[in-house]
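Novice: Before I ask anything, here is the structure I am working with.
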Amino acid sequence: MLSDKLQKSLNDQITHELYSAYLYLSMSAHFEAANLPGMARWMRVQAGEEQAHGFKFFDYVNERTGASRCRPFPSRRLTLARPRPSSSRCSSTSRM
Ligand SMILES: [Fe+2]
């Protein structure tokens, strides 16, 4: 059995983990649109990791009390700067 305080904290953490996954997924879409598939793939992997964290907390709480709560995400606007064009990136040989 979890204390009310611990259960609330774990439920808050579930929200944070899943919100992080959502932010990473948003960044993945941003990089995909900017034709940066490697960055998009990396962000998507991060989204999956955060989702897995959230599910672990979710399962942990459910196994002990059956009282996981899915709360709404905080209302924030995500603004991503436009990435620099890929032609401006330095190659490893240009720095030598
Ligand atoms: Fe996490």
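Following the order of the structure tokens, first chain is A, next is B, and so on, with residues numbered from 1 inside each chain and ligands from 1 in the order they appear.
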Among chain A, which ones does DSSP place in alpha helix (DSSP H), written as a count of residues only?
Specialist: 58
Novice: Let me have all residues with an atom within 12 Å of ligand 1, counting only C-alpha atoms and all ligand atoms, laid out as a ChimeraX atom specification.
Specialist: /A:13-24,46-57
Novice: Using only C-alpha atoms, which of A:Lys8, A:Tyr60, A:Met1, A:Leu25 sits nearest Arg44 (chain A)?
Specialist: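 When distances to Arg44 (chain A) are compared using only C-alpha atoms, the smallest one comes from A:Leu25.
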Novice: Work out how far apart CA of Asn62 (chain A) and CA of Lys5 (chain A) are and give it in Å to one decimal.
Specialist: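 Computing it gives 15.5 Å between the two atoms.
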Novice: Just to confirm, what's the straight-line distance from CA of Ser75 (chain A) to CA of Leu10 (chain A) in Å (one decimal)?
Specialist: 20.2 Å
